[in-house]
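A.B. asks: The structure is given below, and queries will be raised subsequently.
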Amino acid sequence: MMRFILYSLLGFFLITALAAGGTWGWLQTTLPGVAETVEVPVLETPVDIQRNKDGIPNIFAKSANDAYFALGYVHAQDRFWQMEMMRRFGAGRLSEIFGDRALASDKWMRTLGLYRLAEKEVAQLPPATRQALVVYAAGVNARIKQSQSLPWGVPAPEFAFFRFKPEPWRPADSLVWGKIMASWLGLNWRDELLRARLARKLSPQQVGELWPIYPEDMPRTLEKVRQKTAALIGDMDLQKMTALAPWPSGMPRGASNAWVIANKHTLNRGAILANDPHLAFGAPILWYLARIEAPNLTVIGATVPGVPFTILGHNGTIAWGMTSTQSDQTDLFVEQLDETGKKYKTPDGWKDFVTRSETIAVKGGPAVHLNVRESQHGPIISDILDTAANSAGKGAVMALSATYLEPENLTADTFYQINRAKNWEQFVTALKGFQAPQSNFLFADTKGDIGFMAPGLVPIRKGGWGLVPSPGWDGETDWTGYVPFDELPRVLNPPSGRIVNSNNAITDKDYPYFLSFDWAPGYRARRILDLIDAKPQSVHATGKIQQDTVSEMAKQLLPLMRDIEPDNEFGRRALAILEKWNAQMSRQGPQALIFTAWLLELNRAVYADELGELFNDYLTLRPQFIVSVLTRHKGWCDNINTPEPEDCPDRIRFALKQALDTLTAKYGKDMALWNWGGVHMARFSHKVLSSVPLLNRIVDLEIPSDGGNYTIGRGAMHINNAQRPFENVHGAGFRAVYDLEDLRRSRFIIATGQSGNPYSSHYRDLMEDWRNGLYRRMGQTLAALKNSSESTLLLTPQPRVR
């Protein structure tokens, strides 16, 4: 009997070991090999690809088209699941894989029609740019085919988990990424909805005070529009409409830092350009480092898997970086319906909607049919809502106008041309095709020129600023065109010798066109200017600035918040800690945690009573509004739900006690044991498998981090997430510092790793260095790389059959 049990146990462990070994062996087939030679179609001449110890590919090709092919191949090797999710999201086809839980996202994307626009754009592009997309797609498809040539072969493990095979890659799949990014960075229409909802509850004056940087006559404008549209949109569920776009309220939007310093302010003989774009974190991170060396194409920097062009980087002669302009590039229009609901009113009479039918395949269920209507202003987004009242209101629907929905678009050609530009004039010429979202481009070249330009479509409105949904039937706020390219903000070689942008205002009051009121507060830009003006800069010192975590916001607010007498000794201890604090949002120590929790509770104490159920939709840290309350609009400090009046010191004192009580309940009574990094974890979630128990422990990444919403080294939070308000979910997934004296000394880092395969050693290997402010250089010679590369891939042309 004992022998039977023993043999049974041995058999079980053997089978388990074999299964595990088989699984491990299968997983290895989804990773790049150490030394591979692969015959592929389309390629003209062999391409040598050397991956360094960090998995960064160095592509050496004899033509630009072969280089694009090779980039498509390595993108697909390392990040094809990310690419698949991107194209399916943009095309509104996630439900085919994930069932009805993805239906809301698919309905939204089908209504916008981004993929239809991407398909049309392919034909609009110049032949050379279109050819780059075609050969890149061929490279992706060669990798897909190669991966499927093996038993149970898939290009990424997730395909086996969800049991489907990828379709061939197409040029439109690459183009839809830019439209997705534009839609993510063009969500100011949700603030329009929020203001419309707030106008139902608050006075126009109160709504205006909630946005203190807006014009003084904003309340009058709001009231004028509200009176025109209130009867028609009274029954629309604007809260549900806000939730249509797959982007949670309170989530930080695109932000970035970029600055360029002329050589007269540097320690070397060249300019220095720094850039760190801030976007939502994910595993893997959006960016992928790559280097291409080919005749007439030398580029090093950040690519996006699925796209053949280098988005941020240098080409051996110029370097460039980007930030989001945060201009107002979307508007909502209330369209009045006739009695049949089939026509809408315009200044020229009643018009028929342009309609199209979309069929969404749903895994495990019947297909969903979606009728999409468009007015002259854009797609009718209220039609997505299920209830009849929301779909029609009192004889009205809601249309979205957005610059990224314009049918003619040469943005892809902009990056094709930038990758080859050799001077400022060629750089500016390349920017003429850039459509959306309007972005700030910073420039430097090896000759010593530095510059800035903000290309992209910016609407010119007949009237108003597009702050709330406007009547579509009277034409008073219609777009009449776009700001001419030659009149967009730009500067070349300013006398100051430096250009800085951290999403702050790029125009003064004399600029003749309206761009935005939604500029980021100037805290980050001010801190950068202070640091670069303090002393001549080196590449190393510039990298340290990218990591700086001193909060100018905290410096402004703390003096206004500290002037109270706390309720108890615990509160006095907390104030004593903050009294000595230098406003550095360090992951060590309790200071940043106490301050941020206090500011969160102060926001709650100031306006939760007035906003009621809308509080969470408006809630972020709102420093500019809090400053205005504590210095000018002190009436907000009175709690309207209590009979006795309160003043601002009462609310500040109450907020401090609430914050400390919450922190004590979570982390204990010993403040010395509290630390910012423990709650401010930089979290990188897998876009799909994060919701799968056990697997999420493998695919999700996190690390204690520094920073806050308003520091240069930014660690932004979804502060109205009740479960994890302080989690770092948005920041610099890519950092670069370019040395224009010798671009080989330029430095780069991304947040997670080069691979999107959770079983790769390069899935997470850069995360700690990214957090600690370390960088990589990418300028080694081919000979040096061959002596130190981790892997070699040789792509050779397939023999041609005659």
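How things are named: the first chain in the structure tokens is A, the next is B, and so on; residues count from 1 in each chain; ligands count from 1 in the order shown.
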Kindly provide the residues of segment 422-506 of chain A that approach segment 311-331 of chain A to within 9 Å, each paired with its closest atom pair and their distance in Å to one decimal, based on only C-alpha atoms, listed by chain and increasing number, as a tab-separated table.

C.D. replies:
residue	atom	partner	partner_atom	distance
A:Lys422	CA	A:Thr317	CA	5.8
A:Asn423	CA	A:Ile318	CA	6.8
A:Trp424	CA	A:Ile318	CA	8.5
A:Phe427	CA	A:Ile318	CA	8.9
A:Ala436	CA	A:Gln329	CA	8.5
A:Pro437	CA	A:Gln329	CA	7.6
A:Gln438	CA	A:Thr325	CA	5.9
A:Ser439	CA	A:Ser324	CA	4.8
A:Asn440	CA	A:Thr323	CA	5.1
A:Phe441	CA	A:Met322	CA	4.6
A:Leu442	CA	A:Gly321	CA	5.2
A:Phe443	CA	A:Trp320	CA	4.7
A:Ala444	CA	A:Ala319	CA	5.4
A:Asp445	CA	A:Ile318	CA	4.1
A:Thr446	CA	A:Thr317	CA	5.6
A:Lys447	CA	A:Thr317	CA	8.3
A:Ala454	CA	A:Thr325	CA	7.2
A:Leu457	CA	A:Gln329	CA	7.7
A:Val458	CA	A:Gln329	CA	6.1
A:Pro459	CA	A:Gln329	CA	6.5
A:Trp465	CA	A:Asp328	CA	8.3
A:Gly466	CA	A:Asp331	CA	5.7
A:Leu467	CA	A:Asp331	CA	7.9
A:Val468	CA	A:Asp331	CA	7.9
A:Pro469	CA	A:Asp331	CA	7.0
A:Ser470	CA	A:Asp331	CA	8.1
A:Asn501	CA	A:Thr323	CA	7.2
A:Ser502	CA	A:Thr323	CA	7.0
A:Asn503	CA	A:Thr325	CA	5.8
A:Asn504	CA	A:Thr325	CA	7.9
A:Ala505	CA	A:Thr325	CA	8.1
A:Ile506	CA	A:Thr325	CA	7.9

A.B. asks: From the list A:Glu358, A:Asp617, A:Glu209, A:Glu425, which residue is nearest Leu112 of chain A when using only C-alpha atoms?

C.D. replies: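 Ranking A:Glu358, A:Asp617, A:Glu209, A:Glu425 by distance to Leu112 of chain A, first place goes to A:Glu358.
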
A.B. asks: Within 8 Å of Arg51 of chain A, counting only C-alpha atoms, which residues show up once you throw out same-chain ones fewer than 3 positions away? Write them as an mmCIF file with N, CA, C and O atoms, in the first residue's frame, please.

C.D. replies:
data_model
loop_
_atom_site.group_PDB
_atom_site.id
_atom_site.type_symbol
_atom_site.label_atom_id
_atom_site.label_comp_id
_atom_site.auth_asym_id
_atom_site.auth_seq_id
_atom_site.Cartn_x
_atom_site.Cartn_y
_atom_site.Cartn_z
ATOM 1 N N ASP A 54 19.622 45.517 -22.032
ATOM 2 C CA ASP A 54 18.301 45.959 -21.588
ATOM 3 C C ASP A 54 17.202 45.582 -22.583
ATOM 4 O O ASP A 54 16.050 45.977 -22.402
ATOM 5 N N GLY A 55 17.583 44.836 -23.617
ATOM 6 C CA GLY A 55 16.594 44.440 -24.620
ATOM 7 C C GLY A 55 16.257 45.525 -25.618
ATOM 8 O O GLY A 55 15.262 45.420 -26.337
ATOM 9 N N ILE A 56 17.066 46.577 -25.692
ATOM 10 C CA ILE A 56 16.810 47.683 -26.625
ATOM 11 C C ILE A 56 17.379 47.315 -27.992
ATOM 12 O O ILE A 56 18.578 47.041 -28.117
ATOM 13 N N PRO A 57 16.546 47.299 -29.036
ATOM 14 C CA PRO A 57 17.048 46.905 -30.354
ATOM 15 C C PRO A 57 17.797 48.034 -31.048
ATOM 16 O O PRO A 57 17.377 49.189 -31.058
ATOM 17 N N ASN A 58 18.928 47.683 -31.612
ATOM 18 C CA ASN A 58 19.702 48.574 -32.474
ATOM 19 C C ASN A 58 19.612 47.995 -33.876
ATOM 20 O O ASN A 58 20.147 46.913 -34.145
ATOM 21 N N SER A 789 26.174 42.497 -26.913
ATOM 22 C CA SER A 789 24.725 42.321 -27.072
ATOM 23 C C SER A 789 24.218 41.102 -26.331
ATOM 24 O O SER A 789 24.908 40.074 -26.222
ATOM 25 N N GLU A 790 22.988 41.219 -25.866
ATOM 26 C CA GLU A 790 22.327 40.083 -25.238
ATOM 27 C C GLU A 790 21.822 39.102 -26.291
ATOM 28 O O GLU A 790 21.819 37.887 -26.077
ATOM 29 N N SER A 791 21.372 39.650 -27.427
ATOM 30 C CA SER A 791 20.867 38.767 -28.486
ATOM 31 C C SER A 791 21.082 39.411 -29.839
ATOM 32 O O SER A 791 21.192 40.633 -29.956
ATOM 33 N N THR A 792 21.135 38.567 -30.853
ATOM 34 C CA THR A 792 21.318 39.008 -32.230
ATOM 35 C C THR A 792 20.214 38.416 -33.090
ATOM 36 O O THR A 792 19.907 37.225 -33.008
#

A.B. asks: Return the single residue from A:Leu125, A:Met109, A:Ala132, A:Met85 that is closest to Ser63 of chain A, with distances computed using only C-alpha atoms.

C.D. replies: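 Using only C-alpha atoms, Ser63 of chain A sits closest to A:Ala132.
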
A.B. asks: Quick one: contact table of segment 499-601 of chain A to segment 714-726 of chain A, 10 Å max, nearest atom pair and distance in Å to one decimal per residue, counting only C-alpha atoms, chain and number order, as CSV?

C.D. replies:
residue,atom,partner,partner_atom,distance
A:Arg524,CA,A:Arg714,CA,9.0
A:Gln546,CA,A:Arg714,CA,8.9
A:Gln547,CA,A:Arg714,CA,8.2
A:Asp548,CA,A:Arg714,CA,8.6
A:Thr549,CA,A:Arg714,CA,7.4
A:Ser551,CA,A:Arg714,CA,9.8
A:Met585,CA,A:Gly715,CA,9.4
A:Leu593,CA,A:Phe726,CA,8.4
A:Thr596,CA,A:Phe726,CA,8.2
A:Ala597,CA,A:Phe726,CA,8.4
A:Leu600,CA,A:Ile719,CA,7.7

A.B. asks: Store the residues of this selection in a file with all heavy atoms, as a PDB file, in the first residue's frame.

C.D. replies:
ATOM      1  N   ARG A 524       5.183  73.638 -11.820  1.00  0.00           N
ATOM      2  CA  ARG A 524       6.315  72.872 -12.343  1.00  0.00           C
ATOM      3  C   ARG A 524       7.229  73.755 -13.187  1.00  0.00           C
ATOM      4  O   ARG A 524       8.459  73.699 -13.069  1.00  0.00           O
ATOM      5  CB  ARG A 524       5.814  71.688 -13.165  1.00  0.00           C
ATOM      6  CG  ARG A 524       5.266  70.547 -12.332  1.00  0.00           C
ATOM      7  CD  ARG A 524       4.774  69.396 -13.212  1.00  0.00           C
ATOM      8  NE  ARG A 524       3.517  69.699 -13.870  1.00  0.00           N
ATOM      9  CZ  ARG A 524       3.272  69.522 -15.165  1.00  0.00           C
ATOM     10  NH1 ARG A 524       4.211  69.038 -15.965  1.00  0.00           N
ATOM     11  NH2 ARG A 524       2.100  69.809 -15.690  1.00  0.00           N
ATOM     12  N   GLN A 546      14.890  66.581 -13.712  1.00  0.00           N
ATOM     13  CA  GLN A 546      13.723  65.758 -14.053  1.00  0.00           C
ATOM     14  C   GLN A 546      13.217  64.969 -12.852  1.00  0.00           C
ATOM     15  O   GLN A 546      12.037  64.607 -12.793  1.00  0.00           O
ATOM     16  CB  GLN A 546      14.073  64.795 -15.194  1.00  0.00           C
ATOM     17  CG  GLN A 546      14.204  65.473 -16.544  1.00  0.00           C
ATOM     18  CD  GLN A 546      14.383  64.480 -17.679  1.00  0.00           C
ATOM     19  OE1 GLN A 546      15.069  63.456 -17.523  1.00  0.00           O
ATOM     20  NE2 GLN A 546      13.802  64.757 -18.827  1.00  0.00           N
ATOM     21  N   GLN A 547      14.085  64.704 -11.894  1.00  0.00           N
ATOM     22  CA  GLN A 547      13.709  63.929 -10.708  1.00  0.00           C
ATOM     23  C   GLN A 547      13.292  64.808  -9.533  1.00  0.00           C
ATOM     24  O   GLN A 547      12.907  64.281  -8.487  1.00  0.00           O
ATOM     25  CB  GLN A 547      14.902  63.073 -10.264  1.00  0.00           C
ATOM     26  CG  GLN A 547      15.290  61.997 -11.259  1.00  0.00           C
ATOM     27  CD  GLN A 547      14.236  60.941 -11.388  1.00  0.00           C
ATOM     28  OE1 GLN A 547      13.705  60.474 -10.393  1.00  0.00           O
ATOM     29  NE2 GLN A 547      13.906  60.558 -12.611  1.00  0.00           N
ATOM     30  N   ASP A 548      13.345  66.114  -9.685  1.00  0.00           N
ATOM     31  CA  ASP A 548      13.078  67.009  -8.558  1.00  0.00           C
ATOM     32  C   ASP A 548      11.646  66.834  -8.041  1.00  0.00           C
ATOM     33  O   ASP A 548      10.695  66.760  -8.821  1.00  0.00           O
ATOM     34  CB  ASP A 548      13.292  68.453  -9.007  1.00  0.00           C
ATOM     35  CG  ASP A 548      13.133  69.445  -7.869  1.00  0.00           C
ATOM     36  OD1 ASP A 548      14.104  69.640  -7.121  1.00  0.00           O
ATOM     37  OD2 ASP A 548      12.029  70.000  -7.732  1.00  0.00           O
ATOM     38  N   THR A 549      11.505  66.793  -6.716  1.00  0.00           N
ATOM     39  CA  THR A 549      10.182  66.536  -6.128  1.00  0.00           C
ATOM     40  C   THR A 549       9.763  67.622  -5.139  1.00  0.00           C
ATOM     41  O   THR A 549       8.913  67.400  -4.281  1.00  0.00           O
ATOM     42  CB  THR A 549      10.153  65.169  -5.422  1.00  0.00           C
ATOM     43  OG1 THR A 549      11.165  65.132  -4.411  1.00  0.00           O
ATOM     44  CG2 THR A 549      10.363  64.036  -6.407  1.00  0.00           C
ATOM     45  N   SER A 551       7.585  70.640  -4.137  1.00  0.00           N
ATOM     46  CA  SER A 551       6.260  71.078  -4.576  1.00  0.00           C
ATOM     47  C   SER A 551       6.087  72.574  -4.338  1.00  0.00           C
ATOM     48  O   SER A 551       5.939  73.020  -3.200  1.00  0.00           O
ATOM     49  CB  SER A 551       5.174  70.305  -3.831  1.00  0.00           C
ATOM     50  OG  SER A 551       3.897  70.829  -4.148  1.00  0.00           O
ATOM     51  N   MET A 585       8.428  66.176  -1.889  1.00  0.00           N
ATOM     52  CA  MET A 585       7.506  65.042  -1.844  1.00  0.00           C
ATOM     53  C   MET A 585       8.309  63.743  -1.925  1.00  0.00           C
ATOM     54  O   MET A 585       8.213  62.973  -2.882  1.00  0.00           O
ATOM     55  CB  MET A 585       6.498  65.130  -2.984  1.00  0.00           C
ATOM     56  CG  MET A 585       5.699  66.426  -3.040  1.00  0.00           C
ATOM     57  SD  MET A 585       4.428  66.541  -1.772  1.00  0.00           S
ATOM     58  CE  MET A 585       3.197  65.412  -2.390  1.00  0.00           C
ATOM     59  N   LEU A 593       2.695  62.754   2.954  1.00  0.00           N
ATOM     60  CA  LEU A 593       1.440  62.048   3.213  1.00  0.00           C
ATOM     61  C   LEU A 593       0.504  62.905   4.056  1.00  0.00           C
ATOM     62  O   LEU A 593      -0.700  63.027   3.748  1.00  0.00           O
ATOM     63  CB  LEU A 593       1.726  60.718   3.916  1.00  0.00           C
ATOM     64  CG  LEU A 593       0.508  59.896   4.350  1.00  0.00           C
ATOM     65  CD1 LEU A 593      -0.390  59.588   3.159  1.00  0.00           C
ATOM     66  CD2 LEU A 593       0.962  58.612   5.038  1.00  0.00           C
ATOM     67  N   THR A 596      -0.772  65.926   1.870  1.00  0.00           N
ATOM     68  CA  THR A 596      -1.710  65.566   0.800  1.00  0.00           C
ATOM     69  C   THR A 596      -3.044  65.109   1.374  1.00  0.00           C
ATOM     70  O   THR A 596      -4.112  65.472   0.849  1.00  0.00           O
ATOM     71  CB  THR A 596      -1.102  64.475  -0.096  1.00  0.00           C
ATOM     72  OG1 THR A 596       0.184  64.887  -0.555  1.00  0.00           O
ATOM     73  CG2 THR A 596      -1.987  64.203  -1.302  1.00  0.00           C
ATOM     74  N   ALA A 597      -3.013  64.319   2.440  1.00  0.00           N
ATOM     75  CA  ALA A 597      -4.267  63.893   3.073  1.00  0.00           C
ATOM     76  C   ALA A 597      -5.025  65.095   3.631  1.00  0.00           C
ATOM     77  O   ALA A 597      -6.261  65.160   3.551  1.00  0.00           O
ATOM     78  CB  ALA A 597      -3.965  62.886   4.186  1.00  0.00           C
ATOM     79  N   LEU A 600      -6.591  66.998   0.718  1.00  0.00           N
ATOM     80  CA  LEU A 600      -7.757  66.248   0.242  1.00  0.00           C
ATOM     81  C   LEU A 600      -8.958  66.514   1.142  1.00  0.00           C
ATOM     82  O   LEU A 600     -10.070  66.801   0.662  1.00  0.00           O
ATOM     83  CB  LEU A 600      -7.432  64.758   0.201  1.00  0.00           C
ATOM     84  CG  LEU A 600      -8.601  63.798  -0.048  1.00  0.00           C
ATOM     85  CD1 LEU A 600      -9.305  64.101  -1.358  1.00  0.00           C
ATOM     86  CD2 LEU A 600      -8.123  62.350  -0.013  1.00  0.00           C
TER      87      LEU A 600
END

A.B. asks: Run DSSP on the backbone and grab whatever in segment 459-674 of chain A lands in helix (DSSP H, G or I); send it over as an MDAnalysis selection string.

C.D. replies: chainID A and resid 485:487 523:534 539:546 552:561 569:579 591:618 623:631 634:637 648:667 671:673

A.B. asks: Among segment 424-520 of chain A, which ones does DSSP assign to strand (DSSP E or B) (computed from the backbone)? Answer as a PyMOL selection string.

C.D. replies: chain A and resi 439-445+450-453+459-461+470-471+479-482+490-492+498-501

A.B. asks: Report as a ChimeraX atom specification all protein, DNA and RNA residues lying within 9 Å of Pro126 of chain A, evaluated on only C-alpha atoms, omitting residues in the same chain fewer than 4 positions from it.

C.D. replies: /A:122,130-131,410,413

A.B. asks: Any idea what the distance is between atom CA of Gly707 of chain A and atom CA of Arg653 of chain A?

C.D. replies: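 Spanning atom CA of Gly707 of chain A to atom CA of Arg653 of chain A is a straight-line distance of 25.4 Å.
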
A.B. asks: I'd like the neighbourhood of Ser755 of chain A as an MDAnalysis selection string, where a residue qualifies if any of its atoms comes within 7 Å (using only C-alpha atoms), though same-chain residues fewer than 3 positions away should be ignored.

C.D. replies: chainID A and resid 78:79 760 762:763

A.B. asks: Could you write those residues out with C-alpha atoms, as a compact mmCIF listing (two decimals), in the first residue's frame?

C.D. replies:
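result20.txt written:
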# COMPACT_ATOMS: atom_id res chain seq x y z
CA ASP A 78 8.21 42.34 -27.73
CA ARG A 79 4.85 44.11 -27.57
CA SER A 760 10.49 38.07 -20.13
CA HIS A 762 12.78 42.70 -19.68
CA TYR A 763 9.18 43.04 -18.52
